[in-house]
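Q: So I've got this file, start00.txt, and it contains compact mmCIF, C-alpha atoms (C1' of nucleotides):
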# COMPACT_ATOMS: atom_id res chain seq x y z
CA MET A 613 29.46 -26.88 54.85
CA ASN A 614 30.67 -23.42 54.01
CA ALA A 615 34.01 -21.88 54.83
CA THR A 616 33.20 -19.86 57.92
CA ASP A 617 31.51 -22.89 59.45
CA THR A 618 34.69 -24.92 59.27
CA ARG A 619 36.80 -22.12 60.67
CA GLU A 620 34.46 -21.63 63.57
CA ARG A 621 34.21 -25.33 64.26
CA ILE A 622 37.99 -25.46 64.44
CA LEU A 623 38.18 -22.45 66.74
CA GLY A 624 35.49 -23.84 69.00
CA ARG A 625 37.26 -27.15 69.52
CA MET A 626 40.60 -25.46 69.92
CA PHE A 627 39.06 -23.36 72.63
CA GLN A 628 37.80 -26.46 74.40
CA ASP A 629 41.16 -28.18 74.19
CA ILE A 630 42.99 -25.09 75.42
CA HIS A 631 40.45 -24.71 78.20
CA LYS A 632 41.34 -28.11 79.54
CA ASN A 633 44.99 -28.58 78.58
CA GLY A 634 46.30 -25.07 78.32
CA PHE A 635 47.82 -23.59 75.21
CA GLN A 636 51.08 -25.45 75.59
CA GLY A 637 49.07 -28.61 76.15
CA LEU A 638 46.97 -28.02 73.06
CA ARG A 639 47.60 -30.70 70.43
CA ALA A 640 46.44 -29.64 67.01
CA ASP A 641 46.56 -33.24 65.80
CA ARG A 642 44.20 -34.32 68.55
CA VAL A 643 41.68 -31.60 67.70
CA ILE A 644 41.61 -32.15 63.98
CA ALA A 645 41.28 -35.91 64.45
CA ASP A 646 38.38 -35.19 66.76
CA LEU A 647 36.79 -32.92 64.18
CA GLY A 648 37.37 -35.43 61.40
CA ILE A 649 39.36 -32.97 59.33
CA THR A 650 43.00 -32.81 58.31
CA LYS A 651 45.99 -30.54 58.53
CA GLY A 652 45.13 -29.13 55.14
CA ALA A 653 41.99 -27.57 56.54
CA LEU A 654 43.69 -26.36 59.70
CA TYR A 655 46.62 -24.64 58.06
CA HIS A 656 44.34 -23.25 55.40
CA TYR A 657 42.70 -21.11 58.07
CA PHE A 658 45.52 -20.57 60.55
CA PRO A 659 49.19 -19.98 59.75
CA SER A 660 50.50 -21.32 63.06
CA LYS A 661 49.61 -22.66 66.47
CA ASP A 662 50.16 -19.22 67.99
CA ALA A 663 47.65 -17.75 65.55
CA ILE A 664 45.08 -20.25 66.78
CA GLY A 665 45.58 -19.21 70.38
CA LEU A 666 45.38 -15.53 69.55
CA ALA A 667 42.25 -16.05 67.48
CA VAL A 668 40.65 -17.90 70.35
CA ILE A 669 41.34 -14.93 72.61
CA ASP A 670 40.23 -12.30 70.11
CA GLU A 671 37.18 -14.02 68.73
CA LEU A 672 35.85 -16.11 71.59
CA ILE A 673 37.24 -15.05 74.96
CA GLU A 674 37.36 -11.29 74.58
CA PRO A 675 33.78 -10.85 73.31
CA SER A 676 32.23 -13.20 75.85
CA TYR A 677 34.01 -11.58 78.79
CA LEU A 678 33.60 -7.95 77.82
CA GLN A 679 29.97 -8.17 76.74
CA PHE A 680 28.61 -7.65 80.23
CA PHE A 681 31.15 -5.01 81.22
CA ARG A 682 30.66 -2.95 78.08
CA GLY A 683 26.96 -3.09 78.77
CA LEU A 684 27.51 -1.27 82.06
CA GLU A 685 27.77 1.93 80.07
CA ASP A 686 24.36 1.69 78.47
CA VAL A 687 22.11 1.24 81.47
CA ASP A 688 21.07 3.47 84.33
CA GLU A 689 20.50 0.80 86.95
CA HIS A 690 22.38 0.97 90.25
CA PRO A 691 25.93 -0.16 89.39
CA ILE A 692 26.30 -2.22 92.54
CA ASP A 693 23.04 -3.99 91.71
CA LEU A 694 24.33 -4.72 88.24
CA LEU A 695 27.65 -6.07 89.48
CA GLN A 696 26.07 -8.15 92.21
CA LYS A 697 23.57 -9.59 89.75
CA HIS A 698 26.37 -10.49 87.39
CA LEU A 699 28.25 -12.25 90.16
CA GLN A 700 25.15 -14.16 91.17
CA TRP A 701 24.60 -15.09 87.57
CA LEU A 702 28.16 -16.39 87.30
CA ALA A 703 27.67 -18.42 90.46
CA ASN A 704 24.35 -19.87 89.34
CA LYS A 705 25.46 -20.86 85.87
CA ALA A 706 28.70 -22.49 87.05
CA THR A 707 28.52 -26.24 86.51
CA PRO A 708 30.97 -28.62 88.19
CA ASP A 709 32.63 -29.14 84.82
CA GLU A 710 33.19 -25.43 84.35
CA ILE A 711 34.58 -25.13 87.84
CA HIS A 712 36.95 -28.05 87.31
CA LEU A 713 38.27 -26.55 84.10
CA GLY A 714 38.55 -23.08 85.53
CA CYS A 715 38.10 -19.66 84.02
CA PRO A 716 39.46 -19.71 80.44
CA LEU A 717 40.74 -16.17 80.80
CA ASN A 718 42.48 -16.84 84.09
CA ASN A 719 43.96 -20.09 82.79
CA LEU A 720 45.58 -18.39 79.83
CA VAL A 721 46.73 -15.46 81.92
CA GLN A 722 48.59 -17.66 84.37
CA GLU A 723 50.08 -19.85 81.68
CA MET A 724 51.00 -17.45 78.94
CA SER A 725 51.73 -14.06 80.48
CA PRO A 726 55.40 -14.72 81.27
CA ILE A 727 56.25 -16.58 78.08
CA ASN A 728 54.44 -14.87 75.23
CA GLU A 729 54.03 -11.13 75.10
CA SER A 730 51.48 -11.22 72.27
CA PHE A 731 49.24 -13.36 74.40
CA ARG A 732 49.78 -11.25 77.48
CA LEU A 733 48.92 -8.01 75.73
CA ARG A 734 45.64 -9.33 74.39
CA LEU A 735 44.72 -10.86 77.73
CA LYS A 736 45.63 -7.60 79.42
CA VAL A 737 43.20 -5.76 77.15
CA VAL A 738 40.41 -8.02 78.36
CA MET A 739 41.36 -7.64 82.01
CA ASP A 740 41.79 -3.88 81.67
CA GLY A 741 38.41 -3.71 79.99
CA MET A 742 36.69 -5.54 82.80
CA ILE A 743 38.32 -3.32 85.41
CA ASN A 744 37.88 -0.02 83.57
CA TYR A 745 34.24 -0.48 82.66
CA THR A 746 33.54 -1.43 86.26
CA THR A 747 35.43 1.60 87.49
CA LYS A 748 33.39 3.88 85.25
CA ALA A 749 30.15 2.31 86.42
CA LEU A 750 31.09 2.91 90.04
CA GLU A 751 32.08 6.48 89.31
CA ARG A 752 28.71 7.00 87.70
CA GLY A 753 27.24 5.56 90.87
CA ILE A 754 29.04 8.18 92.92
CA ARG A 755 27.74 10.97 90.70
CA ASN A 756 24.22 9.57 91.08
CA GLY A 757 24.54 9.26 94.84
CA GLN A 758 24.26 5.46 94.68
CA VAL A 759 27.84 4.69 95.71
CA LYS A 760 29.70 6.06 98.71
CA ALA A 761 31.42 9.26 97.68
CA ASP A 762 34.74 8.29 99.22
CA ALA A 763 34.95 4.90 97.47
CA ASP A 764 38.15 4.31 95.52
CA CYS A 765 36.38 3.09 92.40
CA ALA A 766 39.47 1.79 90.60
CA ALA A 767 40.56 -0.13 93.68
CA VAL A 768 37.11 -1.63 94.20
CA ALA A 769 36.79 -2.57 90.54
CA GLY A 770 40.24 -4.14 90.48
CA PHE A 771 39.52 -6.10 93.61
CA MET A 772 36.23 -7.38 92.28
CA VAL A 773 37.91 -8.76 89.18
CA ALA A 774 40.78 -10.20 91.21
CA GLY A 775 38.28 -11.75 93.60
CA MET A 776 36.42 -13.37 90.73
CA GLU A 777 39.57 -14.89 89.29
CA GLY A 778 40.71 -15.97 92.72
CA ALA A 779 37.36 -17.62 93.35
CA TYR A 780 37.65 -19.56 90.10
CA GLY A 781 41.21 -20.59 90.84
CA VAL A 782 40.64 -21.89 94.34
CA ALA A 783 37.45 -23.68 93.37
CA LYS A 784 39.32 -25.34 90.54
CA VAL A 785 41.91 -27.07 92.69
CA LEU A 786 39.38 -27.88 95.41
CA MET A 787 36.92 -29.06 92.75
CA SER A 788 34.28 -27.34 94.79
CA VAL A 789 31.31 -25.47 93.42
CA VAL A 790 30.46 -24.68 97.02
CA SER A 791 33.74 -22.85 97.50
CA PHE A 792 33.04 -20.85 94.37
CA HIS A 793 29.58 -19.88 95.57
CA ARG A 794 30.94 -18.89 98.96
CA ASN A 795 33.64 -16.67 97.57
CA ILE A 796 31.31 -15.03 95.09
CA GLN A 797 28.96 -14.33 97.99
CA GLN A 798 31.82 -12.72 99.92
CA LEU A 799 32.46 -10.53 96.90
CA VAL A 800 28.79 -9.58 96.81
CA ASN A 801 29.03 -8.61 100.48
CA TYR A 802 32.19 -6.66 99.79
CA LEU A 803 30.45 -4.66 97.06
CA GLU A 804 27.47 -4.08 99.33
CA SER A 805 29.72 -2.16 101.71
CA PHE A 806 30.18 0.55 99.08
CA ARG A 807 26.51 1.26 98.64
CA ALA A 808 25.67 4.85 99.59
CA MET B 229 79.77 -31.89 95.83
CA ASN B 230 77.79 -34.46 97.71
CA ALA B 231 74.68 -36.24 96.58
CA THR B 232 71.99 -34.24 98.30
CA ASP B 233 73.55 -31.06 96.95
CA THR B 234 73.10 -32.21 93.37
CA ARG B 235 69.54 -33.30 93.96
CA GLU B 236 68.64 -30.00 95.53
CA ARG B 237 70.37 -28.02 92.83
CA ILE B 238 68.31 -29.90 90.26
CA LEU B 239 65.09 -29.33 92.16
CA GLY B 240 65.80 -25.64 92.59
CA ARG B 241 66.35 -25.03 88.90
CA MET B 242 63.39 -27.16 87.96
CA PHE B 243 61.30 -25.01 90.24
CA GLN B 244 62.54 -21.87 88.51
CA ASP B 245 61.84 -23.27 85.06
CA ILE B 246 58.38 -24.45 86.08
CA HIS B 247 57.72 -21.08 87.70
CA LYS B 248 58.26 -19.36 84.39
CA ASN B 249 57.20 -21.91 81.79
CA GLY B 250 54.74 -24.07 83.63
CA PHE B 251 55.12 -27.79 84.12
CA GLN B 252 54.19 -28.64 80.56
CA GLY B 253 56.61 -25.98 79.41
CA LEU B 254 59.39 -27.37 81.57
CA ARG B 255 62.21 -28.75 79.44
CA ALA B 256 64.44 -31.07 81.39
CA ASP B 257 67.13 -30.79 78.72
CA ARG B 258 67.23 -27.03 79.11
CA VAL B 259 67.61 -27.25 82.86
CA ILE B 260 70.35 -29.84 82.91
CA ALA B 261 72.29 -27.97 80.24
CA ASP B 262 71.97 -24.88 82.39
CA LEU B 263 73.21 -26.78 85.42
CA GLY B 264 76.08 -28.31 83.47
CA ILE B 265 75.02 -31.84 84.26
CA THR B 266 73.62 -34.66 82.14
CA LYS B 267 70.62 -36.91 81.92
CA GLY B 268 72.47 -39.51 83.89
CA ALA B 269 72.43 -37.31 86.94
CA LEU B 270 68.83 -36.27 86.43
CA TYR B 271 67.37 -39.73 86.02
CA HIS B 272 69.55 -41.00 88.82
CA TYR B 273 67.53 -38.87 91.21
CA PHE B 274 64.13 -38.72 89.52
CA PRO B 275 62.37 -41.55 87.70
CA SER B 276 60.28 -39.28 85.47
CA LYS B 277 59.29 -35.74 84.65
CA ASP B 278 56.13 -36.11 86.71
CA ALA B 279 58.22 -37.09 89.72
CA ILE B 280 60.18 -33.87 89.35
CA GLY B 281 57.02 -31.78 89.42
CA LEU B 282 55.62 -33.62 92.41
CA ALA B 283 58.92 -33.29 94.27
CA VAL B 284 58.94 -29.56 93.59
CA ILE B 285 55.48 -29.30 95.13
CA ASP B 286 56.23 -31.51 98.10
CA GLU B 287 59.69 -30.28 98.94
CA LEU B 288 59.70 -26.63 97.89
CA ILE B 289 56.20 -25.23 97.43
CA GLU B 290 54.31 -26.92 100.23
CA PRO B 291 56.77 -26.06 103.02
CA SER B 292 57.25 -22.46 101.96
CA TYR B 293 53.53 -21.80 101.69
CA LEU B 294 52.38 -23.59 104.81
CA GLN B 295 55.12 -22.32 107.09
CA PHE B 296 53.28 -19.13 107.98
CA PHE B 297 49.85 -20.73 108.20
CA ARG B 298 51.01 -23.56 110.44
CA GLY B 299 52.59 -20.94 112.65
CA LEU B 300 49.17 -19.43 113.28
CA GLU B 301 48.56 -22.22 115.76
CA ASP B 302 51.52 -21.46 117.96
CA VAL B 303 51.02 -17.80 118.74
CA ASP B 304 48.51 -15.86 120.78
CA GLU B 305 48.56 -12.63 118.82
CA HIS B 306 45.34 -11.22 117.37
CA PRO B 307 44.65 -13.41 114.32
CA ILE B 308 43.56 -10.50 112.17
CA ASP B 309 46.79 -8.70 113.04
CA LEU B 310 48.75 -11.79 112.02
CA LEU B 311 46.93 -12.19 108.74
CA GLN B 312 47.16 -8.51 107.88
CA LYS B 313 50.86 -8.47 108.69
CA HIS B 314 51.40 -11.47 106.47
CA LEU B 315 49.57 -9.80 103.62
CA GLN B 316 51.62 -6.63 104.06
CA TRP B 317 54.77 -8.72 104.13
CA LEU B 318 53.77 -10.42 100.87
CA ALA B 319 53.11 -7.04 99.30
CA ASN B 320 56.37 -5.54 100.48
CA LYS B 321 58.57 -8.40 99.41
CA ALA B 322 57.00 -8.72 95.96
CA THR B 323 59.51 -7.69 93.29
CA PRO B 324 58.44 -6.93 89.73
CA ASP B 325 60.03 -10.21 88.65
CA GLU B 326 58.00 -12.19 91.15
CA ILE B 327 54.84 -10.44 90.06
CA HIS B 328 55.53 -11.08 86.39
CA LEU B 329 56.08 -14.78 87.04
CA GLY B 330 53.09 -15.09 89.31
CA CYS B 331 52.44 -17.19 92.36
CA PRO B 332 54.06 -20.63 91.86
CA LEU B 333 51.20 -22.34 93.65
CA ASN B 334 48.52 -20.57 91.66
CA ASN B 335 50.36 -21.20 88.40
CA LEU B 336 50.47 -24.93 88.97
CA VAL B 337 46.90 -25.03 90.20
CA GLN B 338 45.56 -23.41 87.06
CA GLU B 339 47.69 -25.47 84.74
CA MET B 340 47.65 -28.92 86.28
CA SER B 341 44.41 -29.37 88.19
CA PRO B 342 42.32 -30.54 85.23
CA ILE B 343 44.95 -32.74 83.62
CA ASN B 344 46.81 -34.53 86.41
CA GLU B 345 45.05 -35.75 89.51
CA SER B 346 48.28 -36.45 91.41
CA PHE B 347 49.28 -32.84 91.01
CA ARG B 348 45.84 -31.56 91.90
CA LEU B 349 45.64 -33.57 95.11
CA ARG B 350 48.98 -32.31 96.37
CA LEU B 351 48.15 -28.74 95.44
CA LYS B 352 44.78 -29.12 97.11
CA VAL B 353 46.53 -30.17 100.32
CA VAL B 354 48.46 -26.90 100.29
CA MET B 355 45.40 -24.80 99.55
CA ASP B 356 43.31 -26.64 102.14
CA GLY B 357 46.08 -26.11 104.65
CA MET B 358 46.20 -22.38 104.06
CA ILE B 359 42.43 -22.10 104.39
CA ASN B 360 42.02 -24.42 107.36
CA TYR B 361 44.80 -22.95 109.48
CA THR B 362 43.36 -19.51 108.79
CA THR B 363 39.89 -20.70 109.73
CA LYS B 364 41.15 -22.09 113.01
CA ALA B 365 42.99 -18.86 113.79
CA LEU B 366 39.82 -16.85 113.22
CA GLU B 367 37.79 -19.23 115.36
CA ARG B 368 40.33 -18.78 118.12
CA GLY B 369 39.85 -15.05 117.61
CA ILE B 370 36.12 -15.43 118.20
CA ARG B 371 36.70 -17.41 121.39
CA ASN B 372 39.08 -14.67 122.56
CA GLY B 373 36.68 -11.89 121.69
CA GLN B 374 39.02 -10.51 119.02
CA VAL B 375 36.88 -11.42 116.02
CA LYS B 376 33.21 -10.67 115.51
CA ALA B 377 31.19 -13.53 116.93
CA ASP B 378 28.99 -13.84 113.86
CA ALA B 379 31.88 -14.06 111.38
CA ASP B 380 31.77 -17.09 109.10
CA CYS B 381 35.40 -18.05 109.66
CA ALA B 382 35.64 -20.64 106.91
CA ALA B 383 34.14 -18.22 104.41
CA VAL B 384 36.45 -15.39 105.44
CA ALA B 385 39.50 -17.66 105.36
CA GLY B 386 38.59 -19.03 101.95
CA PHE B 387 38.02 -15.58 100.58
CA MET B 388 41.33 -14.31 101.89
CA VAL B 389 43.20 -17.08 100.11
CA ALA B 390 41.17 -16.60 96.94
CA GLY B 391 41.79 -12.88 97.13
CA MET B 392 45.52 -13.44 97.42
CA GLU B 393 45.62 -15.72 94.41
CA GLY B 394 43.40 -13.37 92.47
CA ALA B 395 45.68 -10.46 93.32
CA TYR B 396 48.68 -12.40 92.03
CA GLY B 397 46.90 -13.42 88.87
CA VAL B 398 45.65 -10.00 87.85
CA ALA B 399 48.95 -8.33 88.68
CA LYS B 400 50.69 -10.91 86.53
CA VAL B 401 48.88 -10.11 83.33
CA LEU B 402 48.91 -6.37 84.02
CA MET B 403 52.57 -6.61 85.03
CA SER B 404 51.72 -4.23 87.80
CA VAL B 405 53.14 -4.29 91.29
CA VAL B 406 50.84 -1.37 92.02
CA SER B 407 47.78 -3.47 91.22
CA PHE B 408 49.07 -6.17 93.55
CA HIS B 409 49.59 -3.71 96.37
CA ARG B 410 46.15 -2.25 95.87
CA ASN B 411 44.39 -5.57 95.95
CA ILE B 412 46.32 -6.74 98.97
CA GLN B 413 45.30 -3.52 100.70
CA GLN B 414 41.66 -4.22 99.84
CA LEU B 415 42.06 -7.62 101.42
CA VAL B 416 43.53 -6.01 104.52
CA ASN B 417 40.51 -3.72 104.68
CA TYR B 418 38.20 -6.68 104.19
CA LEU B 419 39.78 -8.49 107.14
CA GLU B 420 39.57 -5.35 109.24
CA SER B 421 35.79 -5.47 108.96
CA PHE B 422 35.74 -8.67 111.01
CA ARG B 423 37.59 -7.24 113.98
CA ALA B 424 35.42 -7.35 117.08
C1' DA C 94 92.16 -57.29 97.49
C1' DC C 95 87.55 -57.63 96.16
C1' DT C 96 82.87 -56.85 95.86
C1' DT C 97 79.10 -53.73 95.90
C1' DG C 98 76.49 -49.59 95.69
C1' DT C 99 76.45 -44.73 94.53
C1' DG C 100 76.83 -40.91 91.42
C1' DC C 101 77.15 -39.68 87.59
C1' DA C 102 78.48 -39.26 81.83
C1' DT C 103 77.67 -40.74 77.00
C1' DA C 104 75.18 -42.32 73.37
C1' DC C 105 71.09 -43.52 71.64
C1' DC C 106 66.04 -44.10 70.52
C1' DA C 107 61.06 -44.01 69.79
C1' DA C 108 57.36 -41.10 69.85
C1' DC C 109 55.51 -37.06 69.15
C1' DT C 110 54.44 -32.49 66.96
C1' DA C 111 54.32 -28.26 64.43
C1' DG C 112 54.70 -27.24 60.03
C1' DT C 113 55.24 -27.95 54.67
C1' DA C 114 54.81 -29.47 49.89
C1' DT C 115 51.80 -31.05 46.73
C1' DG C 116 47.63 -32.49 44.64
C1' DT C 117 42.79 -31.90 43.62
C1' DA C 118 37.81 -31.14 43.56
C1' DT C 119 34.59 -27.52 43.35
C1' DA C 120 32.77 -22.95 42.79
C1' DC C 121 32.94 -18.86 40.41
C1' DA C 122 34.18 -15.29 37.42
C1' DT C 123 35.13 -14.10 32.44
C1' DA D 1344 34.86 -23.36 27.82
C1' DT D 1345 38.56 -21.75 30.62
C1' DG D 1346 41.33 -19.62 33.96
C1' DT D 1347 41.50 -18.80 38.90
C1' DA D 1348 40.79 -18.76 43.67
C1' DT D 1349 38.96 -21.46 47.44
C1' DA D 1350 38.74 -25.37 50.44
C1' DC D 1351 40.37 -28.82 51.65
C1' DA D 1352 43.14 -34.07 51.74
C1' DT D 1353 47.50 -36.77 51.73
C1' DA D 1354 52.03 -37.61 52.61
C1' DC D 1355 56.12 -36.28 54.44
C1' DT D 1356 59.87 -33.96 57.27
C1' DA D 1357 62.81 -31.87 60.64
C1' DG D 1358 63.31 -30.96 65.17
C1' DT D 1359 62.24 -31.83 69.77
C1' DT D 1360 61.60 -34.46 74.06
C1' DG D 1361 61.11 -37.78 77.63
C1' DG D 1362 63.26 -41.71 78.62
C1' DT D 1363 66.77 -45.80 78.39
C1' DA D 1364 70.95 -48.73 78.08
C1' DT D 1365 75.45 -48.92 79.15
C1' DG D 1366 79.77 -47.85 81.12
C1' DC D 1367 82.77 -46.08 84.53
C1' DA D 1368 85.08 -43.64 88.46
C1' DC D 1369 85.10 -43.82 93.22
C1' DA D 1370 83.93 -44.68 97.99
C1' DA D 1371 82.76 -48.01 101.45
C1' DG D 1372 82.21 -52.24 103.46
C1' DT D 1373 84.25 -57.08 104.20
In structure tokens, how does this file's structure come out?

A:
Amino acid sequence: MNATDTRERILGRMFQDIHKNGFQGLRADRVIADLGITKGALYHYFPSKDAIGLAVIDELIEPSYLQFFRGLEDVDEHPIDLLQKHLQWLANKATPDEIHLGCPLNNLVQEMSPINESFRLRLKVVMDGMINYTTKALERGIRNGQVKADADCAAVAGFMVAGMEGAYGVAKVLMSVVSFHRNIQQLVNYLESFRA
Amino acid sequence: MNATDTRERILGRMFQDIHKNGFQGLRADRVIADLGITKGALYHYFPSKDAIGLAVIDELIEPSYLQFFRGLEDVDEHPIDLLQKHLQWLANKATPDEIHLGCPLNNLVQEMSPINESFRLRLKVVMDGMINYTTKALERGIRNGQVKADADCAAVAGFMVAGMEGAYGVAKVLMSVVSFHRNIQQLVNYLESFRA
DNA sequence: ACTTGTGCATACCAACTAGTATGTATACAT
DNA sequence: ATGTATACATACTAGTTGGTATGCACAAGT
């Protein structure tokens, strides 16, 4: 068991615990007991509970969320196709468990934004990234004649991201994968209306 | 100072504290110190912290959220007009402070749904109410020839609610009233597309 | 006048929780 | 061989937090 393994095992379980209980509901004692390690190991890698939360955002949440959106810059496919495919992919991969626990990004946003500015700023970077990469992709679509010329790309991009988070949130309290699928489909239809 | 006054003063401040810090972040001690009362008063009216949270949902959140949606049954106006007006009203009344703190309903949904079934069920009642009253209003609109006959009313209603919550959530992390206005406007446009 | 219930205040506690201080085994460099 | 940094384990603490036990002033009923 080398060093990075332990650190990543800790981060992974912390992520899971935060995903279910929220950051304020995270109990470091519970996680380390679960991992079969001790406080010595934990505080060897992380100076504080806050540092754990920020590391989870930086090292797990941010990369996984921005991967797709960054990729929008490197392909030439129709941007609306790409976005619709991504939405369908999200809908198809969503298990009941994932739906019940909600979107990790959205969860942290709602919980932490008003009470911890360090958290909010990092979460804002992720959200901004999702919106801005989408905006750029749609603008490229306009230049290529694939997207309606009069589309307000920033507004459409922002609404798509908001719609995604809203879909996760509603499905979470309803505990309904069906509701999630429905709302994602409405978003797909919404995007369709901007096709040139 | 009569009894109901004290109870309502407690509930009001608890709501404020929960609105900012979340239920898990709620500190009863902080609130009672702020109110200038003691634990005796608090536990005279509420048996536990959970009871406080549930009372906040039942007595403050549920009525304020469902008031408009229940009202959809009692009027004959074009349902899409009513919904659009409500959205505009939400957008206009939203202060930066409200946006930064987020939607109280959405906040509790994201935080409490996976960890407390009593909370989730009460929050689900509110969300279901919003969606179902909206669905009925749209169905009435179809019968009256005001809404496109082929509209999937339940899907549209669900998406409107999800869009609202999504708009609140994104605006919260971005700390942007402008983002909120934009997304609400997109929702208004979305509803417009179902006008007969 | 006397009991009873209401509406609190005061003092206290047990459990939890993030964080620390200290020790130590192992690897690795010199 | 020896110093040194790494990677933990153990034991402990200080502060917090929800909750309780008890007492008491006061109003209302009888």

Q: If we count all atoms listed in the file, what is near range 751-761 of chain A at a cut-off of 12 Å, once residues fewer than 2 positions away on the same chain are taken out, given as a VMD selection string?

A: chain A and resid 684 to 695 744 to 749 763 to 769 803 to 808

Q: Residues of chain C were defined as contacting chain B if any atom lay at most 12 Å from it, counting all atoms listed in the file; please report them as an mmCIF file with C-alpha atoms (C1' of nucleotides), in the frame of the given file.

A:
data_model
loop_
_atom_site.group_PDB
_atom_site.id
_atom_site.type_symbol
_atom_site.label_atom_id
_atom_site.label_comp_id
_atom_site.auth_asym_id
_atom_site.auth_seq_id
_atom_site.Cartn_x
_atom_site.Cartn_y
_atom_site.Cartn_z
ATOM 1 C "C1'" DT C 99 76.450 -44.730 94.530
ATOM 2 C "C1'" DG C 100 76.830 -40.910 91.420
ATOM 3 C "C1'" DC C 101 77.150 -39.680 87.590
ATOM 4 C "C1'" DA C 102 78.480 -39.260 81.830
ATOM 5 C "C1'" DT C 103 77.670 -40.740 77.000
ATOM 6 C "C1'" DA C 104 75.180 -42.320 73.370
#

Q: Give the residues of chain D that lie within 8 Å of chain A; count all atoms listed in the file, and format the answer as a list in words.

A: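 Matching residues, ligands excluded from the count: DA1350, DC1351 and DA1352 of chain D.
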
Q: What's the separation between CA of Arg639 in chain A and CA of Met626 in chain A, in Å to one decimal place?

A: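 Separating CA of Arg639 in chain A from CA of Met626 in chain A is a distance of 8.8 Å.
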
Q: Please list as number ranges by chain every residue within 12 Å of Asp325 in chain B, counting only C-alpha atoms (C1' of nucleotides) and excluding residues in the same chain fewer than 5 positions away.

A: A: 726; B: 244, 247-248, 330-331, 399-400, 403-405

Q: Save the residues we just selected, C-alpha atoms, as a tab-separated table (two decimals), keeping the file's coordinate frame?

A:
chain	number	residue	atom	x	y	z
A	726	PRO	CA	55.40	-14.72	81.27
B	244	GLN	CA	62.54	-21.87	88.51
B	247	HIS	CA	57.72	-21.08	87.70
B	248	LYS	CA	58.26	-19.36	84.39
B	330	GLY	CA	53.09	-15.09	89.31
B	331	CYS	CA	52.44	-17.19	92.36
B	399	ALA	CA	48.95	-8.33	88.68
B	400	LYS	CA	50.69	-10.91	86.53
B	403	MET	CA	52.57	-6.61	85.03
B	404	SER	CA	51.72	-4.23	87.80
B	405	VAL	CA	53.14	-4.29	91.29

Q: Output the contact residues of chain A with respect to chain B at a cut-off of 8 Å, based on all atoms listed in the file, as a PyMOL selection string.

A: chain A and resi 632-634+636-637+712-714+718-719+721-723+725-727+732-733+735-736+739-740+767-768+770-771+773-779+781-782+784-786+791+794-795+798+802

Q: Rounded to one decimal place, report the CA of Ile246 in chain B-C1' of DT1360 in chain D distance in Å.

A: 16.0 Å

Q: Given all atoms listed in the file as the basis, pick out the residue of D:DG1361, D:DG1366, D:DG1372, D:DG1346 nearest to DA122 in chain C.

A: D:DG1346

Q: For the atom pair CA of Phe681 in chain A and CA of Asn801 in chain A, what is the interatomic distance in Å to one decimal place?

A: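 We find that CA of Phe681 in chain A and CA of Asn801 in chain A lie 19.7 Å from each other.
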
Q: Excluding DA1354 in chain D and any residue of its chain fewer than 2 positions from it, enumerate the residues within 10 Å of it, using all atoms listed in the file, and give them as a list of chain:residue names.

A: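 In the requested format, the answer is C:DA114, C:DT115, D:DA1352, D:DT1356.
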
Q: Reconstruct N, CA and C atoms of range 649-658 of chain A from the incomplete input and present them as a CSV table (one decimal), in the frame of the given file.

A:
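The file below, selection.csv, is the result:
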chain,number,residue,atom,x,y,z
A,649,ILE,N,38.8,-33.7,60.4
A,649,ILE,CA,39.4,-33.0,59.3
A,649,ILE,C,40.9,-33.2,59.3
A,650,THR,N,41.6,-32.6,58.5
A,650,THR,CA,43.0,-32.8,58.3
A,650,THR,C,43.8,-31.5,58.4
A,651,LYS,N,45.1,-31.7,58.4
A,651,LYS,CA,46.0,-30.5,58.5
A,651,LYS,C,45.8,-29.5,57.4
A,652,GLY,N,45.4,-30.0,56.3
A,652,GLY,CA,45.1,-29.1,55.1
A,652,GLY,C,44.1,-28.1,55.5
A,653,ALA,N,43.0,-28.5,56.1
A,653,ALA,CA,42.0,-27.6,56.5
A,653,ALA,C,42.5,-26.6,57.6
A,654,LEU,N,43.2,-27.2,58.6
A,654,LEU,CA,43.7,-26.4,59.7
A,654,LEU,C,44.6,-25.3,59.2
A,655,TYR,N,45.6,-25.6,58.5
A,655,TYR,CA,46.6,-24.6,58.1
A,655,TYR,C,46.1,-23.8,56.9
A,656,HIS,N,45.0,-24.1,56.4
A,656,HIS,CA,44.3,-23.2,55.4
A,656,HIS,C,43.8,-22.0,56.1
A,657,TYR,N,43.3,-22.2,57.4
A,657,TYR,CA,42.7,-21.1,58.1
A,657,TYR,C,43.6,-20.4,59.1
A,658,PHE,N,44.6,-21.2,59.5
A,658,PHE,CA,45.5,-20.6,60.6
A,658,PHE,C,47.0,-20.8,60.2
